[in-house]
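Raw contents of upload_27.txt, compact mmCIF, C-alpha atoms:
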```
# COMPACT_ATOMS: atom_id res chain seq x y z
CA MET A 1 -96.22 -161.40 -125.56
CA SER A 2 -96.75 -157.90 -124.17
CA ASN A 3 -96.07 -154.65 -125.98
CA PRO A 4 -93.46 -152.37 -124.44
CA THR A 5 -94.77 -149.10 -123.06
CA TYR A 6 -92.24 -147.01 -124.99
CA GLN A 7 -90.65 -147.48 -128.40
CA PHE A 8 -87.54 -145.32 -127.79
CA ALA A 9 -87.24 -145.11 -123.98
CA GLN A 10 -85.85 -147.41 -121.34
CA GLU A 11 -87.51 -147.53 -117.95
CA SER A 12 -85.45 -148.19 -114.84
CA GLY A 13 -87.61 -147.97 -111.77
CA PRO A 14 -89.18 -144.51 -111.53
CA ALA A 15 -86.76 -143.03 -114.09
CA ILE A 16 -87.26 -142.96 -117.87
CA HIS A 17 -84.33 -142.47 -120.25
CA TRP A 18 -84.03 -141.86 -123.99
CA GLN A 19 -80.62 -142.44 -125.59
CA LEU A 20 -80.68 -141.10 -129.16
CA ARG A 21 -77.48 -141.63 -131.15
CA ARG A 22 -76.18 -141.28 -134.66
CA ASN A 23 -76.28 -144.53 -136.63
CA CYS A 24 -72.54 -145.10 -136.79
CA SER A 25 -71.16 -148.27 -138.37
CA VAL A 26 -67.49 -147.51 -137.63
CA THR A 27 -66.21 -146.29 -134.26
CA PRO A 28 -63.47 -143.64 -134.12
CA THR A 29 -61.00 -146.28 -132.86
CA GLN A 30 -61.76 -148.63 -135.75
CA LEU A 31 -61.45 -145.70 -138.15
CA GLY A 32 -58.06 -144.80 -136.65
CA TRP A 33 -56.72 -148.31 -137.17
CA PHE A 34 -58.05 -148.37 -140.72
CA TYR A 35 -56.39 -145.01 -141.40
CA VAL A 36 -53.02 -146.24 -140.07
CA SER A 37 -53.19 -149.32 -142.33
CA LEU A 38 -54.20 -147.14 -145.30
CA CYS A 39 -51.24 -144.83 -144.61
CA MET A 40 -48.80 -147.72 -144.47
CA PHE A 41 -50.15 -149.21 -147.70
CA SER A 42 -50.10 -145.89 -149.59
CA LEU A 43 -46.61 -145.05 -148.35
CA ALA A 44 -45.33 -148.50 -149.32
CA ILE A 45 -46.64 -148.03 -152.87
CA GLY A 46 -45.24 -144.48 -153.00
CA LEU A 47 -41.82 -145.61 -151.76
CA PHE A 48 -41.77 -148.47 -154.27
CA PHE A 49 -42.38 -146.07 -157.18
CA TRP A 50 -39.93 -143.53 -155.71
CA TYR A 51 -37.31 -146.29 -155.70
CA LEU A 52 -38.10 -146.97 -159.39
CA GLY A 53 -37.61 -143.28 -160.19
CA ALA A 54 -41.19 -141.98 -160.24
CA THR A 55 -40.70 -139.46 -157.42
CA LEU A 56 -44.05 -137.67 -157.83
CA VAL A 57 -46.01 -140.79 -156.84
CA LEU A 58 -44.74 -140.45 -153.26
CA ALA A 59 -45.79 -136.79 -153.14
CA PHE A 60 -49.29 -137.63 -154.39
CA ALA A 61 -49.53 -140.54 -151.92
CA GLY A 62 -48.73 -138.07 -149.11
CA LEU A 63 -51.35 -135.64 -150.40
CA GLU A 64 -53.91 -138.46 -150.59
CA ILE A 65 -53.16 -139.52 -147.00
CA ALA A 66 -53.56 -135.93 -145.78
CA VAL A 67 -56.92 -135.39 -147.54
CA VAL A 68 -58.31 -138.74 -146.38
CA GLY A 69 -57.06 -137.97 -142.85
CA VAL A 70 -58.96 -134.67 -142.77
CA ALA A 71 -62.14 -136.39 -143.99
CA PHE A 72 -61.79 -139.15 -141.36
CA LEU A 73 -61.18 -136.56 -138.64
CA ILE A 74 -64.37 -134.71 -139.55
CA TYR A 75 -66.30 -138.00 -139.48
CA ALA A 76 -64.77 -139.08 -136.15
CA ARG A 77 -65.62 -135.77 -134.43
CA HIS A 78 -69.32 -136.39 -135.05
CA ALA A 79 -69.38 -140.19 -134.65
CA THR A 80 -70.28 -139.98 -130.96
CA ASP A 81 -72.91 -137.24 -131.27
CA GLY A 82 -76.13 -137.94 -129.44
CA GLU A 83 -78.95 -136.80 -127.22
CA LYS A 84 -79.83 -138.05 -123.73
CA ILE A 85 -83.23 -137.24 -122.29
CA SER A 86 -84.19 -138.40 -118.82
CA ILE A 87 -87.07 -137.90 -116.45
CA GLN A 88 -86.34 -138.59 -112.83
CA GLY A 89 -88.47 -137.28 -110.03
CA GLY A 90 -89.63 -133.78 -110.87
CA GLN A 91 -86.86 -133.04 -113.38
CA LEU A 92 -86.49 -133.42 -117.14
CA VAL A 93 -82.79 -133.34 -118.08
CA VAL A 94 -81.67 -133.04 -121.72
CA GLU A 95 -78.04 -133.39 -122.83
CA CYS A 96 -77.10 -132.84 -126.49
CA GLU A 97 -73.54 -133.61 -127.61
CA SER A 98 -72.21 -132.40 -130.96
CA ALA A 99 -68.52 -132.63 -131.94
CA GLY A 100 -67.50 -132.96 -128.30
CA ARG A 101 -69.53 -129.92 -127.16
CA LEU A 102 -72.18 -130.70 -124.55
CA GLU A 103 -75.35 -128.64 -124.14
CA ARG A 104 -77.40 -129.41 -121.03
CA ALA A 105 -80.83 -128.15 -120.03
CA GLU A 106 -82.91 -128.97 -116.95
CA PHE A 107 -86.61 -128.33 -116.64
CA ALA A 108 -89.18 -128.74 -113.90
CA ARG A 109 -91.35 -131.59 -115.21
CA GLN A 110 -94.68 -129.85 -114.69
CA TRP A 111 -93.69 -126.78 -116.76
CA VAL A 112 -92.32 -128.50 -119.89
CA ARG A 113 -93.98 -127.99 -123.26
CA VAL A 114 -93.31 -130.53 -126.01
CA GLU A 115 -94.02 -129.39 -129.54
CA PRO A 116 -92.65 -129.67 -133.06
CA LYS A 117 -90.52 -126.71 -134.11
CA SER A 118 -92.33 -126.03 -137.39
CA GLY A 119 -94.30 -128.98 -138.73
CA ASP A 120 -94.80 -132.71 -138.57
CA HIS A 121 -91.26 -133.74 -139.50
CA SER A 122 -89.35 -130.96 -137.75
CA LEU A 123 -87.26 -131.28 -134.60
CA ILE A 124 -89.02 -131.49 -131.25
CA GLU A 125 -88.75 -128.41 -129.07
CA LEU A 126 -88.77 -128.87 -125.30
CA SER A 127 -89.40 -125.58 -123.55
CA GLY A 128 -90.25 -124.22 -120.15
CA GLN A 129 -89.26 -121.58 -117.64
CA GLY A 130 -87.77 -119.34 -120.34
CA ARG A 131 -85.47 -121.98 -121.83
CA SER A 132 -85.80 -124.29 -124.82
CA ILE A 133 -83.82 -127.03 -126.52
CA GLN A 134 -84.41 -129.02 -129.69
CA VAL A 135 -84.16 -132.82 -129.80
CA GLY A 136 -84.82 -135.59 -132.30
CA ARG A 137 -81.89 -135.08 -134.69
CA PHE A 138 -81.07 -138.79 -134.59
CA VAL A 139 -84.62 -140.04 -135.09
CA ARG A 140 -86.07 -140.46 -138.56
CA PRO A 141 -88.36 -137.50 -139.35
CA GLU A 142 -91.47 -139.67 -139.65
CA LEU A 143 -90.86 -141.08 -136.13
CA ARG A 144 -90.34 -137.76 -134.35
CA GLN A 145 -94.06 -137.47 -133.56
CA VAL A 146 -93.85 -140.88 -131.85
CA LEU A 147 -90.92 -139.64 -129.75
CA ALA A 148 -92.82 -136.44 -128.87
CA ARG A 149 -95.86 -138.48 -127.76
CA GLU A 150 -93.62 -140.70 -125.62
CA ILE A 151 -92.06 -137.69 -123.89
CA ARG A 152 -95.50 -136.13 -123.26
CA LYS A 153 -96.82 -139.43 -121.87
CA ALA A 154 -93.79 -139.85 -119.60
CA LEU A 155 -94.08 -136.26 -118.34
CA ARG A 156 -97.75 -136.81 -117.44
CA SER A 157 -97.17 -140.15 -115.74
CA ALA A 158 -93.86 -139.41 -113.98
```
Show this structure as structure tokens.
Amino acid sequence: MSNPTYQFAQESGPAIHWQLRRNCSVTPTQLGWFYVSLCMFSLAIGLFFWYLGATLVLAFAGLEIAVVGVAFLIYARHATDGEKISIQGGQLVVECESAGRLERAEFARQWVRVEPKSGDHSLIELSGQGRSIQVGRFVRPELRQVLAREIRKALRSA
């Protein structure tokens, strides 16, 4: 059984790709369906108590649904956050997505510097030609050095 060359990267021909994503156990779609069922259940209970004469229960059920909805919305906005790093030909391309906002940086492979921002467990800074971008948010801090070594190795061998 052979060891893979990279722990985080996938190789496809001459290209090397890293797909770093948030560990997300519930997709935004699943969360939406759960929220709809929670709303129906809470409203059913609220309406039942309203029918019995306890009118404030329905108001508090509505408040609960609104607060939980805001919390789920905040979670769903960041559920698809991630970083894509790819080396193809003479280019290193980095795309970082956060809350639907995409930041993209392209570097000439031979001019890229890979270094930790400020210590062993800090984010990895990719810099070159007057630009820089930080990656590694979705990798455990103790494994960021492994990711940095992989990127350096791929830049040298690409």
Extract, using all atoms listed in the file, all DNA, RNA and protein residues at most 12 Å from segment 24-28 of chain A, discarding same-chain residues fewer than 4 positions from it, and format them as a PyMOL selection string. chain A and resi 20+32-35+72-82+138
Quick one: of A:Gln88, A:Ser127, A:Ser122, A:Ser42, who's nearest to Pro141 of chain A, counting all atoms listed in the file?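 Selected residue with least distance to Pro141 of chain A: A:Ser122.
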Best match for closeness to His121 of chain A among A:Cys96, A:Ile45, A:Ala148, A:Ala108, counting only C-alpha atoms: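 Checking each candidate against His121 of chain A, we get A:Ala148 as the closest.
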What's around Ile16 of chain A at 8 Å? Count all atoms listed in the file, leave out sequence neighbours fewer than 2 positions away in its own chain, and write the answer as a PyMOL selection string. chain A and resi 9-14+18+86-88+154
Ranking A:Gln30, A:Thr5, A:Phe41, A:Trp111 by minimum distance to Arg149 of chain A and counting all atoms listed in the file, which one comes first?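 Smallest separation from Arg149 of chain A among the options: A:Thr5.
Ranking A:Ile85, A:Ala71, A:Leu43, A:Leu102 by their shortest atom-to-atom distance to Ala59 of chain A, with all atoms listed in the file included, puts A:Leu43 first.
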For Leu126 of chain A, which residue out of A:Ala99, A:Val93, A:Glu142, A:Tyr6 is the nearest one, using all atoms listed in the file? A:Val93
Mind pulling up the distance from atom CA of Val112 of chain A to atom CA of Glu83 of chain A?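 Separation of atom CA of Glu83 of chain A and atom CA of Val112 of chain A: 17.4 Å.
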Could you state the separation of atom CA of Asn23 of chain A and atom CA of Ser157 of chain A in Å, given to one decimal place?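 Result for atom CA of Asn23 of chain A versus atom CA of Ser157 of chain A: 29.9 Å, one decimal.
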Final N, CA, C and O atoms of segment 132-147 of chain A as a PDB file, keeping the file's coordinate frame:
```pdb
ATOM      1  N   SER A 132     -85.323-123.282-123.862  1.00  0.00           N
ATOM      2  CA  SER A 132     -85.800-124.290-124.820  1.00  0.00           C
ATOM      3  C   SER A 132     -84.597-125.007-125.412  1.00  0.00           C
ATOM      4  O   SER A 132     -83.485-124.472-125.453  1.00  0.00           O
ATOM      5  N   ILE A 133     -84.846-126.225-125.864  1.00  0.00           N
ATOM      6  CA  ILE A 133     -83.820-127.030-126.520  1.00  0.00           C
ATOM      7  C   ILE A 133     -84.506-127.929-127.533  1.00  0.00           C
ATOM      8  O   ILE A 133     -85.645-128.353-127.313  1.00  0.00           O
ATOM      9  N   GLN A 134     -83.844-128.173-128.637  1.00  0.00           N
ATOM     10  CA  GLN A 134     -84.410-129.020-129.690  1.00  0.00           C
ATOM     11  C   GLN A 134     -83.779-130.401-129.636  1.00  0.00           C
ATOM     12  O   GLN A 134     -82.566-130.539-129.476  1.00  0.00           O
ATOM     13  N   VAL A 135     -84.614-131.430-129.792  1.00  0.00           N
ATOM     14  CA  VAL A 135     -84.160-132.820-129.800  1.00  0.00           C
ATOM     15  C   VAL A 135     -84.764-133.554-130.983  1.00  0.00           C
ATOM     16  O   VAL A 135     -85.669-133.046-131.641  1.00  0.00           O
ATOM     17  N   GLY A 136     -84.274-134.745-131.237  1.00  0.00           N
ATOM     18  CA  GLY A 136     -84.820-135.590-132.300  1.00  0.00           C
ATOM     19  C   GLY A 136     -83.969-135.626-133.551  1.00  0.00           C
ATOM     20  O   GLY A 136     -84.404-136.151-134.574  1.00  0.00           O
ATOM     21  N   ARG A 137     -82.748-135.087-133.498  1.00  0.00           N
ATOM     22  CA  ARG A 137     -81.890-135.080-134.690  1.00  0.00           C
ATOM     23  C   ARG A 137     -81.557-136.480-135.175  1.00  0.00           C
ATOM     24  O   ARG A 137     -81.312-136.690-136.348  1.00  0.00           O
ATOM     25  N   PHE A 138     -81.506-137.448-134.263  1.00  0.00           N
ATOM     26  CA  PHE A 138     -81.070-138.790-134.590  1.00  0.00           C
ATOM     27  C   PHE A 138     -82.228-139.779-134.700  1.00  0.00           C
ATOM     28  O   PHE A 138     -82.028-140.989-134.628  1.00  0.00           O
ATOM     29  N   VAL A 139     -83.416-139.234-134.874  1.00  0.00           N
ATOM     30  CA  VAL A 139     -84.620-140.040-135.090  1.00  0.00           C
ATOM     31  C   VAL A 139     -85.128-139.703-136.482  1.00  0.00           C
ATOM     32  O   VAL A 139     -85.133-138.532-136.880  1.00  0.00           O
ATOM     33  N   ARG A 140     -85.538-140.713-137.220  1.00  0.00           N
ATOM     34  CA  ARG A 140     -86.070-140.460-138.560  1.00  0.00           C
ATOM     35  C   ARG A 140     -87.239-139.476-138.464  1.00  0.00           C
ATOM     36  O   ARG A 140     -88.042-139.529-137.527  1.00  0.00           O
ATOM     37  N   PRO A 141     -87.327-138.543-139.422  1.00  0.00           N
ATOM     38  CA  PRO A 141     -88.360-137.500-139.350  1.00  0.00           C
ATOM     39  C   PRO A 141     -89.776-138.040-139.155  1.00  0.00           C
ATOM     40  O   PRO A 141     -90.558-137.451-138.406  1.00  0.00           O
ATOM     41  N   GLU A 142     -90.105-139.142-139.786  1.00  0.00           N
ATOM     42  CA  GLU A 142     -91.470-139.670-139.650  1.00  0.00           C
ATOM     43  C   GLU A 142     -91.733-140.283-138.279  1.00  0.00           C
ATOM     44  O   GLU A 142     -92.876-140.530-137.916  1.00  0.00           O
ATOM     45  N   LEU A 143     -90.682-140.511-137.467  1.00  0.00           N
ATOM     46  CA  LEU A 143     -90.860-141.080-136.130  1.00  0.00           C
ATOM     47  C   LEU A 143     -90.741-140.034-135.015  1.00  0.00           C
ATOM     48  O   LEU A 143     -90.900-140.357-133.848  1.00  0.00           O
ATOM     49  N   ARG A 144     -90.495-138.790-135.375  1.00  0.00           N
ATOM     50  CA  ARG A 144     -90.340-137.760-134.350  1.00  0.00           C
ATOM     51  C   ARG A 144     -91.636-137.510-133.586  1.00  0.00           C
ATOM     52  O   ARG A 144     -91.604-137.196-132.397  1.00  0.00           O
ATOM     53  N   GLN A 145     -92.773-137.631-134.259  1.00  0.00           N
ATOM     54  CA  GLN A 145     -94.060-137.470-133.560  1.00  0.00           C
ATOM     55  C   GLN A 145     -94.244-138.564-132.515  1.00  0.00           C
ATOM     56  O   GLN A 145     -94.798-138.320-131.442  1.00  0.00           O
ATOM     57  N   VAL A 146     -93.779-139.782-132.814  1.00  0.00           N
ATOM     58  CA  VAL A 146     -93.850-140.880-131.850  1.00  0.00           C
ATOM     59  C   VAL A 146     -93.001-140.542-130.627  1.00  0.00           C
ATOM     60  O   VAL A 146     -93.432-140.722-129.489  1.00  0.00           O
ATOM     61  N   LEU A 147     -91.797-140.040-130.853  1.00  0.00           N
ATOM     62  CA  LEU A 147     -90.920-139.640-129.750  1.00  0.00           C
ATOM     63  C   LEU A 147     -91.574-138.524-128.926  1.00  0.00           C
ATOM     64  O   LEU A 147     -91.568-138.577-127.693  1.00  0.00           O
TER      65      LEU A 147
END
```
